[in-house]
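Shown next: work_5.cif, containing mmCIF, N, CA and C atoms.
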```
data_my_file
loop_
_atom_site.label_atom_id
_atom_site.label_comp_id
_atom_site.auth_asym_id
_atom_site.auth_seq_id
_atom_site.Cartn_x
_atom_site.Cartn_y
_atom_site.Cartn_z
N MET A 30 86.28 186.11 82.39
CA MET A 30 85.93 187.48 82.04
C MET A 30 85.84 188.29 83.32
N SER A 31 86.21 189.53 83.26
CA SER A 31 86.18 190.36 84.45
C SER A 31 84.77 190.85 84.72
N GLU A 32 84.60 191.32 85.92
CA GLU A 32 83.32 191.90 86.29
C GLU A 32 83.13 193.20 85.52
N PRO A 33 81.89 193.53 85.16
CA PRO A 33 81.66 194.79 84.43
C PRO A 33 82.23 195.99 85.16
N SER A 34 82.19 195.98 86.48
CA SER A 34 82.68 197.13 87.23
C SER A 34 84.19 197.32 87.05
N ASP A 35 84.92 196.25 86.71
CA ASP A 35 86.36 196.37 86.51
C ASP A 35 86.69 197.33 85.37
N HIS A 36 85.92 197.28 84.30
CA HIS A 36 86.21 198.10 83.12
C HIS A 36 85.42 199.39 83.10
N CYS A 37 84.34 199.49 83.85
CA CYS A 37 83.46 200.64 83.77
C CYS A 37 83.67 201.63 84.91
N ALA A 38 84.38 201.25 85.95
CA ALA A 38 84.57 202.12 87.10
C ALA A 38 85.44 203.31 86.72
N ALA A 39 85.20 204.42 87.41
CA ALA A 39 86.01 205.61 87.18
C ALA A 39 87.44 205.33 87.64
N PRO A 40 88.43 205.84 86.89
CA PRO A 40 89.81 205.57 87.27
C PRO A 40 90.14 206.21 88.61
N LYS A 41 90.94 205.49 89.39
CA LYS A 41 91.41 206.01 90.67
C LYS A 41 92.86 206.42 90.48
N GLY A 42 93.52 206.78 91.54
CA GLY A 42 94.91 207.20 91.45
C GLY A 42 95.82 206.09 90.95
N PHE A 43 97.05 206.46 90.66
CA PHE A 43 98.04 205.51 90.16
C PHE A 43 98.37 204.48 91.23
N SER A 44 98.46 203.23 90.80
CA SER A 44 98.96 202.18 91.68
C SER A 44 99.61 201.10 90.82
N ILE A 45 100.65 200.49 91.38
CA ILE A 45 101.35 199.43 90.67
C ILE A 45 100.39 198.26 90.42
N SER A 46 99.58 197.92 91.40
CA SER A 46 98.67 196.78 91.23
C SER A 46 97.66 197.05 90.12
N ALA A 47 97.20 198.29 89.99
CA ALA A 47 96.27 198.62 88.91
C ALA A 47 96.96 198.52 87.56
N ARG A 48 98.22 198.94 87.46
CA ARG A 48 98.97 198.83 86.20
C ARG A 48 99.17 197.36 85.85
N LEU A 49 99.51 196.55 86.84
CA LEU A 49 99.69 195.11 86.57
C LEU A 49 98.38 194.48 86.13
N LYS A 50 97.28 194.91 86.73
CA LYS A 50 95.97 194.40 86.34
C LYS A 50 95.67 194.78 84.89
N SER A 51 96.04 195.99 84.48
CA SER A 51 95.79 196.41 83.09
C SER A 51 96.60 195.56 82.12
N PHE A 52 97.82 195.17 82.51
CA PHE A 52 98.61 194.28 81.66
C PHE A 52 97.93 192.91 81.55
N ARG A 53 97.37 192.43 82.65
CA ARG A 53 96.66 191.15 82.60
C ARG A 53 95.48 191.22 81.64
N TYR A 54 94.74 192.33 81.66
CA TYR A 54 93.62 192.50 80.72
C TYR A 54 94.12 192.48 79.28
N ALA A 55 95.22 193.19 79.02
CA ALA A 55 95.77 193.25 77.67
C ALA A 55 96.23 191.88 77.19
N ILE A 56 96.91 191.15 78.04
CA ILE A 56 97.36 189.80 77.68
C ILE A 56 96.17 188.89 77.45
N ARG A 57 95.14 189.03 78.28
CA ARG A 57 93.92 188.24 78.07
C ARG A 57 93.30 188.57 76.71
N GLY A 58 93.30 189.85 76.34
CA GLY A 58 92.77 190.24 75.04
C GLY A 58 93.55 189.62 73.89
N LEU A 59 94.87 189.57 74.01
CA LEU A 59 95.68 188.94 72.96
C LEU A 59 95.40 187.45 72.87
N ARG A 60 95.22 186.80 74.03
CA ARG A 60 94.88 185.37 74.01
C ARG A 60 93.55 185.14 73.31
N VAL A 61 92.56 185.96 73.62
CA VAL A 61 91.25 185.84 72.99
C VAL A 61 91.40 186.05 71.48
N LEU A 62 92.16 187.04 71.10
CA LEU A 62 92.36 187.34 69.68
C LEU A 62 92.91 186.12 68.94
N VAL A 63 93.96 185.51 69.47
CA VAL A 63 94.58 184.36 68.81
C VAL A 63 93.69 183.13 68.88
N ARG A 64 93.02 182.93 70.00
CA ARG A 64 92.21 181.74 70.19
C ARG A 64 90.92 181.77 69.37
N GLU A 65 90.31 182.95 69.22
CA GLU A 65 88.98 183.03 68.62
C GLU A 65 88.93 183.59 67.21
N GLU A 66 89.97 184.24 66.76
CA GLU A 66 89.95 184.87 65.44
C GLU A 66 90.84 184.11 64.47
N HIS A 67 90.24 183.55 63.43
CA HIS A 67 91.00 182.76 62.45
C HIS A 67 92.08 183.61 61.78
N ASN A 68 91.75 184.84 61.42
CA ASN A 68 92.73 185.68 60.75
C ASN A 68 93.92 185.99 61.65
N ALA A 69 93.69 186.07 62.95
CA ALA A 69 94.81 186.32 63.87
C ALA A 69 95.78 185.15 63.85
N ARG A 70 95.27 183.94 63.68
CA ARG A 70 96.16 182.78 63.60
C ARG A 70 96.96 182.82 62.29
N VAL A 71 96.36 183.31 61.22
CA VAL A 71 97.11 183.50 59.97
C VAL A 71 98.21 184.54 60.18
N HIS A 72 97.87 185.63 60.88
CA HIS A 72 98.86 186.66 61.17
C HIS A 72 99.98 186.11 62.07
N LEU A 73 99.62 185.26 63.00
CA LEU A 73 100.62 184.65 63.87
C LEU A 73 101.59 183.80 63.05
N ALA A 74 101.06 182.99 62.16
CA ALA A 74 101.92 182.16 61.30
C ALA A 74 102.83 183.03 60.44
N ALA A 75 102.27 184.08 59.85
CA ALA A 75 103.07 184.98 59.01
C ALA A 75 104.14 185.69 59.84
N SER A 76 103.78 186.09 61.05
CA SER A 76 104.74 186.76 61.94
C SER A 76 105.90 185.82 62.27
N LEU A 77 105.57 184.58 62.62
CA LEU A 77 106.60 183.61 62.96
C LEU A 77 107.49 183.31 61.76
N CYS A 78 106.90 183.21 60.58
CA CYS A 78 107.69 182.97 59.36
C CYS A 78 108.64 184.14 59.09
N ALA A 79 108.15 185.36 59.25
CA ALA A 79 108.99 186.53 59.02
C ALA A 79 110.15 186.58 60.01
N VAL A 80 109.88 186.29 61.27
CA VAL A 80 110.93 186.29 62.29
C VAL A 80 111.94 185.17 62.00
N ALA A 81 111.44 183.99 61.65
CA ALA A 81 112.35 182.88 61.33
C ALA A 81 113.21 183.21 60.12
N ALA A 82 112.61 183.80 59.10
CA ALA A 82 113.38 184.16 57.91
C ALA A 82 114.42 185.23 58.24
N GLY A 83 114.03 186.21 59.03
CA GLY A 83 114.98 187.25 59.43
C GLY A 83 116.15 186.68 60.22
N ALA A 84 115.84 185.74 61.12
CA ALA A 84 116.91 185.11 61.90
C ALA A 84 117.81 184.27 61.01
N ALA A 85 117.22 183.49 60.10
CA ALA A 85 118.00 182.64 59.21
C ALA A 85 118.90 183.47 58.30
N LEU A 86 118.40 184.63 57.88
CA LEU A 86 119.18 185.49 56.99
C LEU A 86 120.11 186.43 57.75
N GLN A 87 120.08 186.35 59.08
CA GLN A 87 120.91 187.19 59.95
C GLN A 87 120.80 188.66 59.57
N LEU A 88 119.56 189.13 59.56
CA LEU A 88 119.30 190.52 59.19
C LEU A 88 119.98 191.49 60.15
N PRO A 89 120.43 192.61 59.64
CA PRO A 89 120.97 193.65 60.53
C PRO A 89 119.84 194.31 61.33
N LEU A 90 120.22 194.98 62.40
CA LEU A 90 119.25 195.62 63.29
C LEU A 90 118.33 196.58 62.53
N SER A 91 118.88 197.31 61.57
CA SER A 91 118.06 198.27 60.82
C SER A 91 116.92 197.59 60.07
N ASP A 92 117.15 196.38 59.58
CA ASP A 92 116.08 195.64 58.90
C ASP A 92 115.08 195.07 59.89
N TRP A 93 115.54 194.66 61.08
CA TRP A 93 114.63 194.16 62.11
C TRP A 93 113.64 195.23 62.53
N ARG A 94 114.06 196.46 62.54
CA ARG A 94 113.14 197.56 62.91
C ARG A 94 111.95 197.57 61.97
N TRP A 95 112.19 197.40 60.69
CA TRP A 95 111.11 197.40 59.71
C TRP A 95 110.19 196.19 59.90
N LEU A 96 110.78 195.03 60.13
CA LEU A 96 109.96 193.82 60.32
C LEU A 96 109.09 193.94 61.57
N VAL A 97 109.67 194.41 62.65
CA VAL A 97 108.90 194.58 63.89
C VAL A 97 107.77 195.57 63.68
N LEU A 98 108.05 196.67 63.01
CA LEU A 98 107.01 197.66 62.73
C LEU A 98 105.89 197.06 61.88
N ALA A 99 106.25 196.31 60.86
CA ALA A 99 105.25 195.70 59.98
C ALA A 99 104.39 194.69 60.74
N ILE A 100 105.03 193.86 61.55
CA ILE A 100 104.28 192.87 62.33
C ILE A 100 103.35 193.56 63.31
N ALA A 101 103.86 194.57 64.01
CA ALA A 101 103.03 195.30 64.97
C ALA A 101 101.85 195.99 64.29
N LEU A 102 102.08 196.55 63.12
CA LEU A 102 101.01 197.23 62.37
C LEU A 102 99.86 196.28 62.07
N VAL A 103 100.18 195.09 61.62
CA VAL A 103 99.14 194.11 61.29
C VAL A 103 98.38 193.68 62.55
N TRP A 104 99.11 193.38 63.62
CA TRP A 104 98.45 192.96 64.86
C TRP A 104 97.57 194.06 65.43
N LEU A 105 98.04 195.29 65.36
CA LEU A 105 97.25 196.42 65.82
C LEU A 105 95.96 196.55 65.01
N ALA A 106 96.08 196.47 63.71
CA ALA A 106 94.91 196.57 62.84
C ALA A 106 93.93 195.43 63.11
N GLU A 107 94.44 194.22 63.27
CA GLU A 107 93.56 193.08 63.53
C GLU A 107 92.85 193.21 64.87
N ALA A 108 93.55 193.67 65.88
CA ALA A 108 92.93 193.85 67.20
C ALA A 108 91.83 194.91 67.13
N PHE A 109 92.11 196.05 66.49
CA PHE A 109 91.09 197.09 66.36
C PHE A 109 89.90 196.60 65.54
N ASN A 110 90.17 195.88 64.46
CA ASN A 110 89.10 195.35 63.63
C ASN A 110 88.20 194.42 64.43
N THR A 111 88.82 193.53 65.19
CA THR A 111 88.04 192.59 66.00
C THR A 111 87.22 193.33 67.04
N ALA A 112 87.81 194.32 67.69
CA ALA A 112 87.08 195.09 68.69
C ALA A 112 85.90 195.84 68.06
N ILE A 113 86.12 196.42 66.89
CA ILE A 113 85.04 197.14 66.20
C ILE A 113 83.93 196.17 65.81
N GLU A 114 84.30 195.02 65.26
CA GLU A 114 83.28 194.05 64.88
C GLU A 114 82.50 193.54 66.08
N ASP A 115 83.19 193.24 67.18
CA ASP A 115 82.49 192.78 68.38
C ASP A 115 81.55 193.85 68.92
N LEU A 116 82.01 195.10 68.93
CA LEU A 116 81.16 196.19 69.41
C LEU A 116 79.94 196.36 68.51
N CYS A 117 80.15 196.31 67.21
CA CYS A 117 79.03 196.43 66.27
C CYS A 117 78.02 195.31 66.46
N ASP A 118 78.51 194.08 66.64
CA ASP A 118 77.62 192.94 66.84
C ASP A 118 76.85 193.07 68.15
N ARG A 119 77.48 193.67 69.15
CA ARG A 119 76.81 193.86 70.44
C ARG A 119 75.74 194.94 70.34
N ILE A 120 76.04 196.01 69.63
CA ILE A 120 75.10 197.12 69.50
C ILE A 120 73.94 196.75 68.60
N CYS A 121 74.24 196.04 67.51
CA CYS A 121 73.22 195.74 66.51
C CYS A 121 73.38 194.30 66.04
N PRO A 122 72.77 193.34 66.75
CA PRO A 122 72.94 191.94 66.37
C PRO A 122 72.30 191.58 65.02
N ASP A 123 71.29 192.34 64.61
CA ASP A 123 70.64 192.08 63.31
C ASP A 123 71.40 192.80 62.21
N PHE A 124 71.18 192.35 60.97
CA PHE A 124 71.86 192.98 59.84
C PHE A 124 71.43 194.43 59.72
N ASP A 125 72.41 195.28 59.53
CA ASP A 125 72.18 196.71 59.30
C ASP A 125 73.23 197.15 58.28
N PRO A 126 72.81 197.74 57.17
CA PRO A 126 73.78 198.15 56.15
C PRO A 126 74.85 199.11 56.68
N ALA A 127 74.47 200.00 57.58
CA ALA A 127 75.45 200.95 58.13
C ALA A 127 76.49 200.21 58.97
N ILE A 128 76.06 199.24 59.75
CA ILE A 128 76.99 198.44 60.55
C ILE A 128 77.88 197.62 59.62
N GLY A 129 77.31 197.08 58.56
CA GLY A 129 78.09 196.33 57.58
C GLY A 129 79.18 197.20 56.96
N ARG A 130 78.84 198.45 56.67
CA ARG A 130 79.82 199.39 56.09
C ARG A 130 80.95 199.64 57.09
N ILE A 131 80.61 199.84 58.35
CA ILE A 131 81.62 200.07 59.38
C ILE A 131 82.55 198.88 59.48
N LYS A 132 81.98 197.69 59.49
CA LYS A 132 82.80 196.48 59.59
C LYS A 132 83.67 196.30 58.35
N ASP A 133 83.15 196.62 57.19
CA ASP A 133 83.94 196.54 55.96
C ASP A 133 85.11 197.52 56.00
N LEU A 134 84.86 198.73 56.49
CA LEU A 134 85.94 199.72 56.59
C LEU A 134 87.04 199.23 57.54
N ALA A 135 86.65 198.67 58.66
CA ALA A 135 87.64 198.16 59.61
C ALA A 135 88.43 197.00 58.99
N ALA A 136 87.74 196.11 58.28
CA ALA A 136 88.43 195.00 57.61
C ALA A 136 89.37 195.53 56.52
N GLY A 137 88.96 196.59 55.85
CA GLY A 137 89.82 197.21 54.84
C GLY A 137 91.11 197.73 55.46
N GLY A 138 91.02 198.23 56.69
CA GLY A 138 92.21 198.69 57.39
C GLY A 138 93.20 197.55 57.62
N VAL A 139 92.67 196.38 57.96
CA VAL A 139 93.54 195.21 58.15
C VAL A 139 94.18 194.82 56.83
N LEU A 140 93.42 194.89 55.75
CA LEU A 140 93.96 194.56 54.44
C LEU A 140 95.10 195.52 54.07
N ILE A 141 94.90 196.80 54.30
CA ILE A 141 95.95 197.79 54.02
C ILE A 141 97.20 197.48 54.83
N ALA A 142 97.03 197.22 56.13
CA ALA A 142 98.17 196.91 56.99
C ALA A 142 98.87 195.64 56.54
N SER A 143 98.09 194.63 56.15
CA SER A 143 98.67 193.36 55.71
C SER A 143 99.44 193.52 54.41
N LEU A 144 98.91 194.27 53.47
CA LEU A 144 99.61 194.50 52.20
C LEU A 144 100.89 195.30 52.43
N ALA A 145 100.82 196.30 53.30
CA ALA A 145 102.03 197.08 53.61
C ALA A 145 103.07 196.19 54.28
N ALA A 146 102.63 195.33 55.20
CA ALA A 146 103.56 194.42 55.87
C ALA A 146 104.18 193.44 54.88
N ALA A 147 103.39 192.95 53.95
CA ALA A 147 103.92 192.03 52.94
C ALA A 147 104.97 192.74 52.09
N ALA A 148 104.69 193.99 51.72
CA ALA A 148 105.66 194.76 50.93
C ALA A 148 106.95 194.98 51.73
N ILE A 149 106.81 195.35 53.00
CA ILE A 149 107.99 195.54 53.85
C ILE A 149 108.76 194.22 53.97
N GLY A 150 108.03 193.13 54.17
CA GLY A 150 108.68 191.82 54.26
C GLY A 150 109.45 191.47 53.01
N LEU A 151 108.84 191.69 51.87
CA LEU A 151 109.52 191.39 50.60
C LEU A 151 110.75 192.28 50.41
N LEU A 152 110.57 193.58 50.65
CA LEU A 152 111.69 194.52 50.47
C LEU A 152 112.83 194.24 51.45
N THR A 153 112.50 193.69 52.59
CA THR A 153 113.51 193.43 53.62
C THR A 153 114.16 192.06 53.46
N LEU A 154 113.37 191.06 53.11
CA LEU A 154 113.88 189.69 53.10
C LEU A 154 114.40 189.21 51.74
N VAL A 155 113.85 189.70 50.66
CA VAL A 155 114.25 189.19 49.35
C VAL A 155 115.69 189.55 48.98
N PRO A 156 116.14 190.80 49.17
CA PRO A 156 117.53 191.09 48.78
C PRO A 156 118.58 190.20 49.46
N PRO A 157 118.53 189.99 50.79
CA PRO A 157 119.53 189.08 51.36
C PRO A 157 119.34 187.63 50.91
N LEU A 158 118.10 187.25 50.64
CA LEU A 158 117.85 185.90 50.15
C LEU A 158 118.46 185.71 48.76
N LEU A 159 118.31 186.72 47.92
CA LEU A 159 118.89 186.62 46.57
C LEU A 159 120.42 186.55 46.61
N ARG A 160 121.02 187.17 47.61
CA ARG A 160 122.49 187.15 47.72
C ARG A 160 123.02 185.75 48.08
N ILE A 161 122.20 184.94 48.74
CA ILE A 161 122.71 183.62 49.14
C ILE A 161 122.25 182.50 48.20
N LEU A 162 121.26 182.77 47.35
CA LEU A 162 120.79 181.75 46.42
C LEU A 162 121.76 181.65 45.25
N PRO A 163 122.06 180.42 44.84
CA PRO A 163 122.99 180.25 43.71
C PRO A 163 122.27 180.41 42.36
N PHE A 164 122.46 181.54 41.75
CA PHE A 164 121.86 181.77 40.42
C PHE A 164 122.95 181.87 39.39
#
```
Would you mind writing the structure in this file as structure tokens?
Amino acid sequence: MSEPSDHCAAPKGFSISARLKSFRYAIRGLRVLVREEHNARVHLAASLCAVAAGAALQLPLSDWRWLVLAIALVWLAEAFNTAIEDLCDRICPDFDPAIGRIKDLAAGGVLIASLAAAAIGLLTLVPPLLRILPF
């Protein structure tokens, strides 16, 4: 974990080393997300399945755009949800109905993103799959 001053210090001028450091923080955040959040591992499996299915079906570039957008939407929602939950737990470790509502709203956002991604996945992957299945 970085020193508190790393994230709390006032921004200084642009530097390549500072930009590279920010990428390291972001990658560390993604590692934490996958390592510590069970739902992120479910999203990882679903993402890998969607990519494998797209590759196997030799999807055109226009369909890959939709799959990438859907996958990114879910990961973005999961990362924000986890950050909101962690912040809420830090601010109020005891049960608080208002904090519970905030966490439920954030989780609802992940559900919306996941359902939209599933719909995009079905709309993108099922038609080419039906064309190759012998019916």
> Which residues fall under the PyMOL selection byres (((chain A and resi 149-157 and name CA) around 12) and name CA) in this file, as a PyMOL selection string?
Replying inline: chain A and resi 75-76+78-100+102-103+142-148+158-162
> atom CA of Leu73 of chain A and atom CA of Leu140 of chain A, how far apart in Å?
Replying inline: 15.2 Å
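Distance-wise, atom C of Asp133 of chain A and atom C of Arg53 of chain A end up 28.4 Å apart.
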> If you measure from atom N of Asn68 of chain A to atom C of Asp125 of chain A, what distance in Å do you get, rounded to one decimal?
Replying inline: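 Separation of atom N of Asn68 of chain A and atom C of Asp125 of chain A: 22.5 Å.
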> If you count all atoms listed in the file, which residues fall within 8 Å of Cys117 of chain A, apart from same-chain ones fewer than 4 positions away, as a PyMOL selection string?
Replying inline: chain A and resi 111-113+121-123+128-129+132
> Which neighbours of Asn110 of chain A fall inside 8 Å, counting only C-alpha atoms, when residues of the same chain fewer than 6 positions from it are skipped, and could you give them as a VMD selection string?
Replying inline: chain A and resid 132 135 to 136 138 to 139
